[in-house]
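Q: This is the content of data.txt (compact mmCIF, N, CA and C atoms):
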```txt
# COMPACT_ATOMS: atom_id res chain seq x y z
N MET Y 1 57.08 -46.18 112.79
CA MET Y 1 56.09 -47.25 112.76
C MET Y 1 54.95 -46.85 111.81
N ASP Y 2 54.70 -47.67 110.82
CA ASP Y 2 53.60 -47.42 109.89
C ASP Y 2 52.30 -47.84 110.55
N GLN Y 3 51.31 -46.97 110.46
CA GLN Y 3 50.03 -47.27 111.05
C GLN Y 3 49.04 -47.60 109.95
N GLN Y 4 48.15 -48.51 110.26
CA GLN Y 4 47.12 -48.92 109.33
C GLN Y 4 46.22 -47.73 109.01
N ALA Y 5 45.81 -47.63 107.75
CA ALA Y 5 44.87 -46.57 107.36
C ALA Y 5 43.62 -46.70 108.23
N GLN Y 6 43.19 -45.58 108.78
CA GLN Y 6 42.07 -45.60 109.71
C GLN Y 6 40.76 -45.36 108.97
N ASN Y 7 39.70 -46.02 109.42
CA ASN Y 7 38.36 -45.80 108.89
C ASN Y 7 37.35 -46.09 109.99
N PHE Y 8 36.07 -46.01 109.66
CA PHE Y 8 35.03 -46.19 110.67
C PHE Y 8 35.12 -47.56 111.35
N SER Y 9 35.43 -48.58 110.58
CA SER Y 9 35.41 -49.94 111.15
C SER Y 9 36.62 -50.25 112.02
N ASN Y 10 37.70 -49.48 111.91
CA ASN Y 10 38.88 -49.82 112.71
C ASN Y 10 39.42 -48.66 113.55
N HIS Y 11 38.64 -47.58 113.72
CA HIS Y 11 39.16 -46.40 114.42
C HIS Y 11 39.16 -46.53 115.94
N VAL Y 12 38.43 -47.49 116.49
CA VAL Y 12 38.41 -47.68 117.94
C VAL Y 12 39.77 -48.25 118.36
N LYS Y 13 40.34 -47.64 119.39
CA LYS Y 13 41.66 -48.05 119.83
C LYS Y 13 41.58 -48.54 121.28
N TYR Y 14 42.30 -49.60 121.55
CA TYR Y 14 42.36 -50.15 122.90
C TYR Y 14 43.74 -49.96 123.48
N ASP Y 15 43.79 -49.74 124.78
CA ASP Y 15 45.03 -49.70 125.52
C ASP Y 15 45.18 -51.08 126.16
N PRO Y 16 46.05 -51.94 125.63
CA PRO Y 16 46.13 -53.32 126.11
C PRO Y 16 46.31 -53.45 127.63
N LEU Y 17 47.15 -52.63 128.22
CA LEU Y 17 47.35 -52.74 129.67
C LEU Y 17 46.09 -52.41 130.45
N PHE Y 18 45.32 -51.44 129.97
CA PHE Y 18 44.08 -51.10 130.66
C PHE Y 18 42.97 -52.09 130.34
N HIS Y 19 42.67 -52.25 129.04
CA HIS Y 19 41.51 -53.04 128.63
C HIS Y 19 41.67 -54.55 128.84
N PHE Y 20 42.89 -55.06 128.69
CA PHE Y 20 43.07 -56.51 128.71
C PHE Y 20 43.84 -57.02 129.91
N PHE Y 21 44.32 -56.12 130.77
CA PHE Y 21 44.97 -56.56 132.00
C PHE Y 21 44.32 -55.92 133.23
N LEU Y 22 44.41 -54.60 133.33
CA LEU Y 22 43.96 -53.92 134.54
C LEU Y 22 42.46 -54.08 134.79
N LEU Y 23 41.64 -53.85 133.79
CA LEU Y 23 40.19 -53.97 133.95
C LEU Y 23 39.77 -55.40 134.30
N PRO Y 24 40.26 -56.42 133.57
CA PRO Y 24 39.92 -57.79 133.98
C PRO Y 24 40.45 -58.16 135.37
N ALA Y 25 41.66 -57.70 135.70
CA ALA Y 25 42.23 -58.01 137.02
C ALA Y 25 41.39 -57.37 138.13
N MET Y 26 40.95 -56.14 137.94
CA MET Y 26 40.13 -55.47 138.95
C MET Y 26 38.75 -56.13 139.06
N THR Y 27 38.21 -56.55 137.93
CA THR Y 27 36.92 -57.26 137.94
C THR Y 27 37.05 -58.58 138.69
N ALA Y 28 38.11 -59.32 138.39
CA ALA Y 28 38.36 -60.60 139.08
C ALA Y 28 38.57 -60.36 140.57
N ASN Y 29 39.24 -59.27 140.93
CA ASN Y 29 39.48 -58.94 142.33
C ASN Y 29 38.16 -58.72 143.07
N VAL Y 30 37.23 -58.00 142.46
CA VAL Y 30 35.92 -57.77 143.09
C VAL Y 30 35.17 -59.09 143.23
N ILE Y 31 35.20 -59.91 142.19
CA ILE Y 31 34.51 -61.21 142.25
C ILE Y 31 35.10 -62.09 143.35
N MET Y 32 36.42 -62.09 143.45
CA MET Y 32 37.07 -62.90 144.50
C MET Y 32 36.74 -62.35 145.89
N ALA Y 33 36.63 -61.05 146.03
CA ALA Y 33 36.28 -60.46 147.32
C ALA Y 33 34.85 -60.84 147.71
N ILE Y 34 33.96 -60.85 146.72
CA ILE Y 34 32.57 -61.27 146.99
C ILE Y 34 32.55 -62.74 147.40
N ASN Y 35 33.30 -63.56 146.67
CA ASN Y 35 33.39 -64.99 146.99
C ASN Y 35 33.95 -65.19 148.41
N HIS Y 36 34.97 -64.43 148.74
CA HIS Y 36 35.57 -64.53 150.08
C HIS Y 36 34.55 -64.16 151.15
N LEU Y 37 33.77 -63.10 150.91
CA LEU Y 37 32.75 -62.68 151.86
C LEU Y 37 31.68 -63.75 152.04
N VAL Y 38 31.28 -64.40 150.95
CA VAL Y 38 30.25 -65.45 151.03
C VAL Y 38 30.76 -66.64 151.84
N HIS Y 39 32.01 -67.02 151.60
CA HIS Y 39 32.55 -68.20 152.28
C HIS Y 39 33.10 -67.91 153.68
N PHE Y 40 33.51 -66.71 153.93
CA PHE Y 40 34.08 -66.31 155.22
C PHE Y 40 33.44 -64.99 155.65
N PRO Y 41 32.18 -65.03 156.10
CA PRO Y 41 31.46 -63.79 156.42
C PRO Y 41 31.97 -63.15 157.72
N ARG Y 42 33.03 -62.37 157.55
CA ARG Y 42 33.61 -61.63 158.68
C ARG Y 42 33.72 -60.17 158.29
N TRP Y 43 34.00 -59.33 159.29
CA TRP Y 43 34.19 -57.91 159.00
C TRP Y 43 35.39 -57.69 158.10
N SER Y 44 36.39 -58.52 158.24
CA SER Y 44 37.57 -58.37 157.38
C SER Y 44 37.22 -58.66 155.92
N SER Y 45 36.29 -59.59 155.71
CA SER Y 45 35.85 -59.89 154.35
C SER Y 45 35.04 -58.73 153.76
N VAL Y 46 34.24 -58.09 154.60
CA VAL Y 46 33.49 -56.91 154.16
C VAL Y 46 34.47 -55.81 153.77
N TRP Y 47 35.49 -55.62 154.63
CA TRP Y 47 36.48 -54.58 154.36
C TRP Y 47 37.25 -54.89 153.07
N LEU Y 48 37.58 -56.15 152.83
CA LEU Y 48 38.26 -56.55 151.60
C LEU Y 48 37.40 -56.22 150.38
N LEU Y 49 36.10 -56.47 150.47
CA LEU Y 49 35.19 -56.14 149.36
C LEU Y 49 35.13 -54.62 149.15
N ILE Y 50 35.06 -53.86 150.24
CA ILE Y 50 35.02 -52.40 150.12
C ILE Y 50 36.28 -51.90 149.44
N LEU Y 51 37.44 -52.40 149.84
CA LEU Y 51 38.70 -51.98 149.22
C LEU Y 51 38.77 -52.39 147.75
N SER Y 52 38.26 -53.57 147.42
CA SER Y 52 38.25 -54.04 146.04
C SER Y 52 37.35 -53.15 145.18
N LEU Y 53 36.19 -52.82 145.70
CA LEU Y 53 35.29 -51.92 144.97
C LEU Y 53 35.90 -50.54 144.83
N ALA Y 54 36.57 -50.05 145.88
CA ALA Y 54 37.21 -48.74 145.82
C ALA Y 54 38.30 -48.73 144.75
N ALA Y 55 39.09 -49.77 144.68
CA ALA Y 55 40.15 -49.85 143.66
C ALA Y 55 39.53 -49.86 142.26
N PHE Y 56 38.45 -50.60 142.08
CA PHE Y 56 37.77 -50.65 140.79
C PHE Y 56 37.24 -49.27 140.40
N VAL Y 57 36.62 -48.59 141.36
CA VAL Y 57 36.08 -47.25 141.10
C VAL Y 57 37.21 -46.28 140.76
N ILE Y 58 38.32 -46.36 141.48
CA ILE Y 58 39.47 -45.48 141.19
C ILE Y 58 39.94 -45.68 139.76
N ILE Y 59 40.10 -46.92 139.34
CA ILE Y 59 40.57 -47.21 137.99
C ILE Y 59 39.57 -46.67 136.96
N ALA Y 60 38.28 -46.91 137.19
CA ALA Y 60 37.26 -46.44 136.25
C ALA Y 60 37.23 -44.91 136.18
N ARG Y 61 37.33 -44.25 137.32
CA ARG Y 61 37.29 -42.78 137.34
C ARG Y 61 38.52 -42.20 136.67
N MET Y 62 39.69 -42.79 136.91
CA MET Y 62 40.91 -42.29 136.26
C MET Y 62 40.78 -42.38 134.75
N ARG Y 63 40.24 -43.47 134.26
CA ARG Y 63 40.03 -43.64 132.83
C ARG Y 63 39.04 -42.59 132.32
N ASN Y 64 37.96 -42.39 133.07
CA ASN Y 64 36.95 -41.41 132.67
C ASN Y 64 37.53 -40.00 132.65
N TYR Y 65 38.34 -39.66 133.62
CA TYR Y 65 38.95 -38.33 133.65
C TYR Y 65 39.84 -38.12 132.43
N ALA Y 66 40.63 -39.11 132.09
CA ALA Y 66 41.51 -38.99 130.91
C ALA Y 66 40.69 -38.81 129.63
N LEU Y 67 39.61 -39.55 129.49
CA LEU Y 67 38.76 -39.42 128.31
C LEU Y 67 38.11 -38.04 128.25
N ARG Y 68 37.71 -37.52 129.38
CA ARG Y 68 37.09 -36.19 129.40
C ARG Y 68 38.10 -35.11 129.00
N VAL Y 69 39.34 -35.26 129.44
CA VAL Y 69 40.37 -34.30 129.03
C VAL Y 69 40.59 -34.40 127.52
N GLN Y 70 40.65 -35.63 126.99
CA GLN Y 70 40.79 -35.80 125.55
C GLN Y 70 39.62 -35.15 124.81
N ASP Y 71 38.42 -35.33 125.32
CA ASP Y 71 37.24 -34.71 124.69
C ASP Y 71 37.36 -33.19 124.68
N ARG Y 72 37.85 -32.61 125.76
CA ARG Y 72 37.99 -31.16 125.83
C ARG Y 72 39.03 -30.66 124.83
N VAL Y 73 40.12 -31.39 124.70
CA VAL Y 73 41.16 -31.00 123.75
C VAL Y 73 40.63 -31.12 122.32
N ILE Y 74 39.92 -32.20 122.03
CA ILE Y 74 39.33 -32.38 120.71
C ILE Y 74 38.33 -31.27 120.42
N ARG Y 75 37.51 -30.93 121.42
CA ARG Y 75 36.54 -29.84 121.24
C ARG Y 75 37.25 -28.54 120.87
N LEU Y 76 38.31 -28.22 121.57
CA LEU Y 76 39.07 -27.01 121.28
C LEU Y 76 39.69 -27.07 119.88
N GLU Y 77 40.35 -28.18 119.58
CA GLU Y 77 40.98 -28.33 118.26
C GLU Y 77 39.95 -28.20 117.13
N GLU Y 78 38.82 -28.85 117.29
CA GLU Y 78 37.82 -28.83 116.22
C GLU Y 78 37.16 -27.46 116.09
N ARG Y 79 36.92 -26.78 117.18
CA ARG Y 79 36.36 -25.43 117.07
C ARG Y 79 37.34 -24.50 116.36
N LEU Y 80 38.61 -24.62 116.66
CA LEU Y 80 39.61 -23.81 115.96
C LEU Y 80 39.66 -24.16 114.47
N ARG Y 81 39.62 -25.45 114.17
CA ARG Y 81 39.64 -25.88 112.76
C ARG Y 81 38.39 -25.40 112.03
N LEU Y 82 37.24 -25.52 112.68
CA LEU Y 82 36.00 -25.08 112.05
C LEU Y 82 36.02 -23.57 111.78
N MET Y 83 36.62 -22.81 112.68
CA MET Y 83 36.71 -21.36 112.47
C MET Y 83 37.51 -21.02 111.21
N THR Y 84 38.48 -21.85 110.87
CA THR Y 84 39.30 -21.57 109.69
C THR Y 84 38.74 -22.19 108.41
N VAL Y 85 37.97 -23.25 108.54
CA VAL Y 85 37.51 -24.01 107.36
C VAL Y 85 36.11 -23.61 106.91
N LEU Y 86 35.22 -23.33 107.84
CA LEU Y 86 33.81 -23.09 107.49
C LEU Y 86 33.58 -21.71 106.91
N PRO Y 87 32.64 -21.62 105.95
CA PRO Y 87 32.22 -20.29 105.48
C PRO Y 87 31.38 -19.61 106.57
N GLU Y 88 31.21 -18.32 106.46
CA GLU Y 88 30.58 -17.53 107.52
C GLU Y 88 29.19 -18.02 107.95
N PRO Y 89 28.28 -18.35 107.10
CA PRO Y 89 26.98 -18.76 107.64
C PRO Y 89 27.08 -19.93 108.62
N LEU Y 90 27.99 -20.87 108.33
CA LEU Y 90 28.16 -22.02 109.23
C LEU Y 90 29.04 -21.68 110.42
N ARG Y 91 30.01 -20.81 110.23
CA ARG Y 91 30.94 -20.45 111.31
C ARG Y 91 30.17 -19.91 112.52
N SER Y 92 29.13 -19.17 112.27
CA SER Y 92 28.36 -18.58 113.38
C SER Y 92 27.53 -19.64 114.11
N ARG Y 93 27.43 -20.83 113.57
CA ARG Y 93 26.63 -21.90 114.19
C ARG Y 93 27.48 -22.96 114.89
N ILE Y 94 28.78 -22.75 114.97
CA ILE Y 94 29.67 -23.73 115.61
C ILE Y 94 29.21 -24.06 117.03
N GLY Y 95 28.74 -23.06 117.75
CA GLY Y 95 28.29 -23.27 119.13
C GLY Y 95 27.10 -24.21 119.26
N GLU Y 96 26.38 -24.45 118.16
CA GLU Y 96 25.22 -25.36 118.19
C GLU Y 96 25.64 -26.83 118.16
N LEU Y 97 26.88 -27.10 117.79
CA LEU Y 97 27.36 -28.48 117.73
C LEU Y 97 27.66 -28.98 119.14
N SER Y 98 27.23 -30.20 119.42
CA SER Y 98 27.54 -30.79 120.73
C SER Y 98 28.99 -31.24 120.75
N VAL Y 99 29.51 -31.45 121.94
CA VAL Y 99 30.88 -31.95 122.07
C VAL Y 99 31.02 -33.28 121.34
N GLN Y 100 30.03 -34.13 121.48
CA GLN Y 100 30.09 -35.44 120.83
C GLN Y 100 30.07 -35.31 119.30
N GLN Y 101 29.33 -34.35 118.77
CA GLN Y 101 29.35 -34.12 117.33
C GLN Y 101 30.71 -33.61 116.88
N LEU Y 102 31.31 -32.72 117.66
CA LEU Y 102 32.66 -32.22 117.34
C LEU Y 102 33.66 -33.37 117.34
N ILE Y 103 33.52 -34.28 118.29
CA ILE Y 103 34.42 -35.42 118.37
C ILE Y 103 34.26 -36.29 117.12
N GLY Y 104 33.04 -36.46 116.65
CA GLY Y 104 32.81 -37.23 115.42
C GLY Y 104 33.33 -36.51 114.18
N LEU Y 105 33.21 -35.19 114.16
CA LEU Y 105 33.64 -34.41 112.99
C LEU Y 105 35.15 -34.40 112.80
N ARG Y 106 35.90 -34.73 113.84
CA ARG Y 106 37.36 -34.65 113.72
C ARG Y 106 37.91 -35.58 112.65
N PHE Y 107 37.13 -36.58 112.24
CA PHE Y 107 37.60 -37.53 111.24
C PHE Y 107 37.37 -37.07 109.81
N ALA Y 108 36.60 -36.00 109.63
CA ALA Y 108 36.29 -35.51 108.27
C ALA Y 108 37.43 -34.63 107.76
N CYS Y 109 37.78 -34.81 106.50
CA CYS Y 109 38.81 -33.95 105.90
C CYS Y 109 38.23 -32.54 105.72
N ASP Y 110 39.09 -31.57 105.54
CA ASP Y 110 38.66 -30.17 105.44
C ASP Y 110 37.67 -29.94 104.31
N GLN Y 111 37.84 -30.63 103.18
CA GLN Y 111 36.97 -30.42 102.02
C GLN Y 111 35.53 -30.83 102.29
N GLU Y 112 35.32 -31.91 103.02
CA GLU Y 112 33.94 -32.36 103.25
C GLU Y 112 33.37 -31.85 104.57
N LEU Y 113 34.17 -31.15 105.33
CA LEU Y 113 33.72 -30.67 106.64
C LEU Y 113 32.52 -29.72 106.56
N PRO Y 114 32.50 -28.71 105.69
CA PRO Y 114 31.32 -27.81 105.67
C PRO Y 114 30.00 -28.55 105.41
N GLY Y 115 29.98 -29.46 104.45
CA GLY Y 115 28.76 -30.20 104.17
C GLY Y 115 28.35 -31.09 105.32
N LEU Y 116 29.33 -31.70 105.97
CA LEU Y 116 29.04 -32.59 107.08
C LEU Y 116 28.56 -31.80 108.31
N VAL Y 117 29.14 -30.64 108.53
CA VAL Y 117 28.68 -29.78 109.63
C VAL Y 117 27.23 -29.36 109.38
N GLN Y 118 26.91 -28.97 108.15
CA GLN Y 118 25.54 -28.59 107.81
C GLN Y 118 24.58 -29.73 108.09
N ARG Y 119 24.95 -30.94 107.65
CA ARG Y 119 24.10 -32.11 107.91
C ARG Y 119 23.98 -32.39 109.40
N ALA Y 120 25.10 -32.31 110.13
CA ALA Y 120 25.07 -32.57 111.58
C ALA Y 120 24.12 -31.62 112.28
N LEU Y 121 24.13 -30.35 111.87
CA LEU Y 121 23.25 -29.36 112.48
C LEU Y 121 21.80 -29.56 112.07
N ASP Y 122 21.56 -29.75 110.79
CA ASP Y 122 20.19 -29.86 110.28
C ASP Y 122 19.52 -31.17 110.69
N GLU Y 123 20.27 -32.26 110.63
CA GLU Y 123 19.70 -33.58 110.88
C GLU Y 123 19.96 -34.09 112.29
N LYS Y 124 20.66 -33.27 113.12
CA LYS Y 124 21.00 -33.68 114.49
C LYS Y 124 21.70 -35.05 114.50
N LEU Y 125 22.71 -35.20 113.63
CA LEU Y 125 23.41 -36.47 113.49
C LEU Y 125 24.13 -36.86 114.78
N SER Y 126 24.12 -38.14 115.07
CA SER Y 126 24.88 -38.66 116.20
C SER Y 126 26.35 -38.76 115.80
N PRO Y 127 27.26 -38.90 116.76
CA PRO Y 127 28.68 -39.06 116.41
C PRO Y 127 28.91 -40.26 115.48
N ALA Y 128 28.22 -41.37 115.72
CA ALA Y 128 28.39 -42.54 114.87
C ALA Y 128 27.90 -42.25 113.45
N ASP Y 129 26.78 -41.55 113.31
CA ASP Y 129 26.27 -41.20 111.98
C ASP Y 129 27.22 -40.25 111.26
N ILE Y 130 27.81 -39.33 112.01
CA ILE Y 130 28.79 -38.42 111.42
C ILE Y 130 29.99 -39.21 110.89
N LYS Y 131 30.51 -40.10 111.72
CA LYS Y 131 31.68 -40.89 111.31
C LYS Y 131 31.35 -41.77 110.10
N LYS Y 132 30.16 -42.33 110.07
CA LYS Y 132 29.76 -43.18 108.93
C LYS Y 132 29.64 -42.37 107.65
N ALA Y 133 29.33 -41.07 107.79
CA ALA Y 133 29.15 -40.22 106.61
C ALA Y 133 30.48 -39.70 106.05
N VAL Y 134 31.55 -39.85 106.79
CA VAL Y 134 32.85 -39.36 106.32
C VAL Y 134 33.31 -40.19 105.13
N VAL Y 135 33.66 -39.52 104.05
CA VAL Y 135 34.13 -40.19 102.84
C VAL Y 135 35.66 -40.29 102.86
N THR Y 136 36.33 -39.17 103.10
CA THR Y 136 37.78 -39.14 103.17
C THR Y 136 38.17 -39.01 104.63
N TRP Y 137 38.61 -40.12 105.21
CA TRP Y 137 38.88 -40.22 106.64
C TRP Y 137 40.16 -39.48 107.01
N ARG Y 138 40.08 -38.64 108.02
CA ARG Y 138 41.24 -37.94 108.60
C ARG Y 138 41.57 -38.65 109.91
N PRO Y 139 42.65 -39.44 109.92
CA PRO Y 139 42.89 -40.30 111.08
C PRO Y 139 43.24 -39.55 112.35
N ASP Y 140 42.92 -40.16 113.47
CA ASP Y 140 43.31 -39.68 114.80
C ASP Y 140 43.93 -40.88 115.51
N TYR Y 141 45.25 -40.95 115.48
CA TYR Y 141 45.94 -42.08 116.09
C TYR Y 141 46.27 -41.84 117.55
N SER Y 142 45.98 -40.66 118.07
CA SER Y 142 46.36 -40.33 119.44
C SER Y 142 45.34 -40.72 120.48
N ARG Y 143 44.07 -40.76 120.12
CA ARG Y 143 43.02 -41.04 121.12
C ARG Y 143 43.05 -42.50 121.53
N ILE Y 144 42.85 -42.72 122.80
CA ILE Y 144 42.75 -44.09 123.31
C ILE Y 144 41.43 -44.20 124.05
```
Would you write the structure of this file as structure tokens?
A:
Amino acid sequence: MDQQAQNFSNHVKYDPLFHFFLLPAMTANVIMAINHLVHFPRWSSVWLLILSLAAFVIIARMRNYALRVQDRVIRLEERLRLMTVLPEPLRSRIGELSVQQLIGLRFACDQELPGLVQRALDEKLSPADIKKAVVTWRPDYSRI
């Protein structure tokens, strides 16, 4: 499968089953449980709302856990890449980069990485600013 060339404007990826089915269905479920409680104020309606909220929280937490694991893997990959690509003065400063900056730097090609790391450290660039500064985009098709 050929994938579209990735850049700042199209690098955000959605998981259709999560973003366009599961999340809306869980949101609708909570709204319907609230509606049921308003129209039929019983303990069973309260319990239905509690279960609906619990299911919503479970889905949100599972998504958050997966994203945190991805962030940790990206952090490890980028620190290893930086150790091989950066010259010594910058290599000793890798620990100063935040996880979010490392996540943004993953899109920079090896040639522009040293300059971008220097800017990220000196100017305290946000992940979005780092991504916007990338000239030659190194795609990441795996992150969701």
Q: Skipping near chain neighbours, those fewer than 5 positions away, what residues fall within 12 Å of Val12 in chain Y using only C-alpha atoms, listed as a VMD selection string?
A: chain Y and resid 6 to 7 128 131 139 to 144
Q: Work out how far apart CA of Ser52 in chain Y and CA of Phe21 in chain Y are and give it in Å to one decimal.
A: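 Computed distance, CA of Ser52 in chain Y to CA of Phe21 in chain Y, equals 15.8 Å.
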Q: Between atom N of Ser9 in chain Y and atom N of Arg63 in chain Y, what is the spacing in Å?
A: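 Distance between the two atoms: 24.7 Å.
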Q: Kindly indicate which residue among Y:Ser44, Y:His19, Y:Gln4, Y:Arg75 lies nearest to Ile103 in chain Y, using all atoms listed in the file for the distances.
A: Y:Arg75
Q: When distances are computed from only N, CA and C atoms, which of Y:Leu105, Y:Pro114, Y:Asp129, Y:Ala33 shows the smallest separation from Leu90 in chain Y?
A: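 Between Y:Leu105, Y:Pro114, Y:Asp129, Y:Ala33, the residue approaching Leu90 in chain Y most closely is Y:Pro114.
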Q: Expressed in Å to a single decimal, how great is the separation between atom C of Glu112 in chain Y and CA of Glu88 in chain Y?
A: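 Distance between the two atoms: 14.9 Å.
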Q: Considering all atoms listed in the file, tabulate each residue of range 25-92 of chain Y that lies at most 7 Å from range 98-102 of chain Y along with its nearest interatomic pair and the corresponding distance in Å to one decimal; arrange the rows by chain and ascending residue number and present them as a Markdown table.
A:
```
| residue | atom | partner | partner_atom | distance |
| --- | --- | --- | --- | --- |
| Y:Ile74 | C | Y:Leu102 | C | 6.0 |
| Y:Arg75 | CA | Y:Leu102 | CA | 6.0 |
| Y:Glu78 | CA | Y:Leu102 | C | 6.3 |
| Y:Arg79 | N | Y:Leu102 | CA | 6.9 |
```
Q: Among range 16-127 of chain Y, which residues carry a DSSP assignment of helix (DSSP H, G or I), reported as a PyMOL selection string?
A: chain Y and resi 16-39+43-85+88-91+94-96+99-105+113-123+127
Q: Which one is closest to Arg91 in chain Y: Y:Lys132, Y:Arg138, Y:Val117, Y:Leu51? Count only C-alpha atoms.
A: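 Among Y:Lys132, Y:Arg138, Y:Val117, Y:Leu51, it is Y:Val117 that comes nearest to Arg91 in chain Y.
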Q: For Pro87 in chain Y, work out the shell of residues within 12 Å, counting only C-alpha atoms and skipping chain neighbours fewer than 6 positions away, then give it as a PDB file with N, CA and C atoms, in the frame of the given file.
A:
```pdb
ATOM      1  N   ARG Y  81      39.620 -25.450 114.170  1.00  0.00           N
ATOM      2  CA  ARG Y  81      39.640 -25.880 112.760  1.00  0.00           C
ATOM      3  C   ARG Y  81      38.390 -25.400 112.030  1.00  0.00           C
ATOM      4  N   ARG Y  93      27.430 -20.830 113.570  1.00  0.00           N
ATOM      5  CA  ARG Y  93      26.630 -21.900 114.190  1.00  0.00           C
ATOM      6  C   ARG Y  93      27.480 -22.960 114.890  1.00  0.00           C
ATOM      7  N   ILE Y  94      28.780 -22.750 114.970  1.00  0.00           N
ATOM      8  CA  ILE Y  94      29.670 -23.730 115.610  1.00  0.00           C
ATOM      9  C   ILE Y  94      29.210 -24.060 117.030  1.00  0.00           C
ATOM     10  N   ASP Y 110      39.090 -31.570 105.540  1.00  0.00           N
ATOM     11  CA  ASP Y 110      38.660 -30.170 105.440  1.00  0.00           C
ATOM     12  C   ASP Y 110      37.670 -29.940 104.310  1.00  0.00           C
ATOM     13  N   GLN Y 111      37.840 -30.630 103.180  1.00  0.00           N
ATOM     14  CA  GLN Y 111      36.970 -30.420 102.020  1.00  0.00           C
ATOM     15  C   GLN Y 111      35.530 -30.830 102.290  1.00  0.00           C
ATOM     16  N   LEU Y 113      34.170 -31.150 105.330  1.00  0.00           N
ATOM     17  CA  LEU Y 113      33.720 -30.670 106.640  1.00  0.00           C
ATOM     18  C   LEU Y 113      32.520 -29.720 106.560  1.00  0.00           C
ATOM     19  N   PRO Y 114      32.500 -28.710 105.690  1.00  0.00           N
ATOM     20  CA  PRO Y 114      31.320 -27.810 105.670  1.00  0.00           C
ATOM     21  C   PRO Y 114      30.000 -28.550 105.410  1.00  0.00           C
ATOM     22  N   GLY Y 115      29.980 -29.460 104.450  1.00  0.00           N
ATOM     23  CA  GLY Y 115      28.760 -30.200 104.170  1.00  0.00           C
ATOM     24  C   GLY Y 115      28.350 -31.090 105.320  1.00  0.00           C
ATOM     25  N   VAL Y 117      29.140 -30.640 108.530  1.00  0.00           N
ATOM     26  CA  VAL Y 117      28.680 -29.780 109.630  1.00  0.00           C
ATOM     27  C   VAL Y 117      27.230 -29.360 109.380  1.00  0.00           C
ATOM     28  N   GLN Y 118      26.910 -28.970 108.150  1.00  0.00           N
ATOM     29  CA  GLN Y 118      25.540 -28.590 107.810  1.00  0.00           C
ATOM     30  C   GLN Y 118      24.580 -29.730 108.090  1.00  0.00           C
TER      31      GLN Y 118
END
```
Q: Grab all the atoms of range 23-26 of chain Y that the file lists, wrap them in a box along x, y and z, add 6 Å per side, and give me centre plus edge lengths in Å (one decimal) as lines of an AutoDock Vina configuration file.
A:
```
center_x = 40.5
center_y = -56.0
center_z = 136.3
size_x = 15.5
size_y = 16.3
size_z = 17.5
```
Q: Could range 32-46 of chain Y be written out with N, CA and C atoms, as a short mmCIF file (atom, residue, chain, number, x, y, z; two decimals), in the first residue's frame, please?
A:
```cif
data_model
loop_
_atom_site.label_atom_id
_atom_site.label_comp_id
_atom_site.auth_asym_id
_atom_site.auth_seq_id
_atom_site.Cartn_x
_atom_site.Cartn_y
_atom_site.Cartn_z
N MET Y 32 -27.34 9.44 26.70
CA MET Y 32 -28.61 8.70 26.84
C MET Y 32 -28.83 8.28 28.29
N ALA Y 33 -27.78 7.94 29.01
CA ALA Y 33 -27.92 7.57 30.42
C ALA Y 33 -28.36 8.77 31.25
N ILE Y 34 -27.82 9.95 30.92
CA ILE Y 34 -28.24 11.17 31.61
C ILE Y 34 -29.71 11.45 31.32
N ASN Y 35 -30.08 11.33 30.05
CA ASN Y 35 -31.47 11.54 29.64
C ASN Y 35 -32.40 10.55 30.36
N HIS Y 36 -31.97 9.30 30.45
CA HIS Y 36 -32.78 8.29 31.14
C HIS Y 36 -32.95 8.65 32.61
N LEU Y 37 -31.88 9.12 33.25
CA LEU Y 37 -31.95 9.51 34.65
C LEU Y 37 -32.90 10.69 34.85
N VAL Y 38 -32.87 11.66 33.94
CA VAL Y 38 -33.76 12.82 34.05
C VAL Y 38 -35.22 12.41 33.92
N HIS Y 39 -35.50 11.52 32.97
CA HIS Y 39 -36.89 11.12 32.73
C HIS Y 39 -37.39 10.01 33.66
N PHE Y 40 -36.50 9.21 34.15
CA PHE Y 40 -36.86 8.09 35.04
C PHE Y 40 -35.90 8.09 36.24
N PRO Y 41 -36.10 9.03 37.17
CA PRO Y 41 -35.16 9.18 38.30
C PRO Y 41 -35.30 8.03 39.31
N ARG Y 42 -34.61 6.95 39.00
CA ARG Y 42 -34.58 5.78 39.89
C ARG Y 42 -33.13 5.42 40.16
N TRP Y 43 -32.94 4.54 41.15
CA TRP Y 43 -31.59 4.08 41.44
C TRP Y 43 -31.00 3.32 40.26
N SER Y 44 -31.84 2.63 39.54
CA SER Y 44 -31.34 1.89 38.37
C SER Y 44 -30.83 2.85 37.30
N SER Y 45 -31.46 4.02 37.19
CA SER Y 45 -31.00 5.03 36.24
C SER Y 45 -29.66 5.63 36.67
N VAL Y 46 -29.50 5.81 37.98
CA VAL Y 46 -28.22 6.30 38.50
C VAL Y 46 -27.13 5.27 38.20
#
```
